[in-house]
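Comments concern the structure below.
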Amino acid sequence: MSGKGKGKGGRGSGKSTSKSAKAGLQFPVARVGRYLKQGRYCERVGTGAPVYLAAVLEYLCAEILELAGNAARDNKKARIIPRHIQLAVRNDEELNKLLGSVTIASGGVLPNIHNVLLPKKSKGSKSSVSQDY
């Protein structure tokens with residue numbers, strides 16, 4: 001029994017590692033697992049389910065934030081506002097399909113003018129009167 005002593009038996013330091021750190025994620029895996037259990041979506045929740053769900057949520061947030069950041073940069077702004085998130089989601093085909101029934105508060109609408117409302121372009125513009133005053 002020499003050299004053994006109390007403790008974890010040479011498995012490293014006693015510092016614990018979170019499930020998110022083990023999975024290499026920023027989103028909280030343990031919290032997602034707790035919500036899955038408390039939500040009563042099923043009787044039992046496997047150990048991989050909250051990791052997978054947290055990874056999917058993190059990916060979706062990163063995708064939306066990247067597109068919204070691009071929209072903010074296009075508008076010469078340094079801060080993302082709900083309008084930028086709305087523009088990012090509605091201009092992306094897959095995100096628009098996923099969030100089609102979602103209303104983003106203070107998001108506004110996409111700029112769009114129907115073709116019928118636009119002035120007609122005539123080929124013989126010499127006979128038309130200019131509207132410049």
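Letters A, B, ... mark the chains of the structure tokens in the order given; residue numbers begin at 1 per chain; ligand numbers begin at 1, in order shown.
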*Spatial neighbours of Pro82 (chain A), max dist 9 Å, only C-alpha atoms, sep filter under 4 positions, as a count of residues only*: 8
_Could you tell me how far CA of Pro50 (chain A) sits from CA of Arg31 (chain A), in Å to one decimal place?_
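Between these atoms lies a distance of 8.4 Å.
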_From A:Asn70, A:Ser16, A:Asn115, A:Gln38, residue lying nearest Ala88 (chain A) [only C-alpha atoms]_ =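 Looking at the shortest contact to Ala88 (chain A), the residue is A:Asn70.
One finds CA of Ala49 (chain A) at 14.4 Å from CA of Lys22 (chain A).
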*Can you list every residue in region 4-133 of chain A that DSSP puts in helix (DSSP H, G or I), as number ranges by chain?*
A: 19-23, 29-38, 48-74, 82-91, 93-98, 115-117
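Atom to atom, CA of Ser101 (chain A) and CA of Asn75 (chain A) stand 25.7 Å apart.
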_Which residues are close to Leu65 (chain A), i.e. within 10 Å by only C-alpha atoms, leaving aside same-chain residues fewer than 2 positions away? Reply as a list of chain:residue names._
A:Tyr59, A:Leu60, A:Cys61, A:Ala62, A:Glu63, A:Leu67, A:Ala68, A:Gly69, A:Asn70, A:Ala71, A:Ile80, A:His84, A:Ile85, A:Ala88, A:Val89
*Neighbours of Thr47 (chain A) within 10 Å (only C-alpha atoms; same-chain residues fewer than 5 positions away dropped), as a PyMOL selection string?*
chain A and resi 29-30+33+52
_Non-local contacts of Gly48 (chain A) (12 Å; only C-alpha atoms; under 5 positions in same chain excluded) as a list of chain:residue names_ =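 Final neighbour list, sorted by chain and number: A:Lys19, A:Ser20, A:Ala23, A:Val29, A:Ala30, A:Val32, A:Gly33, A:Leu36, A:Leu53, A:Ala54, A:Ala55.
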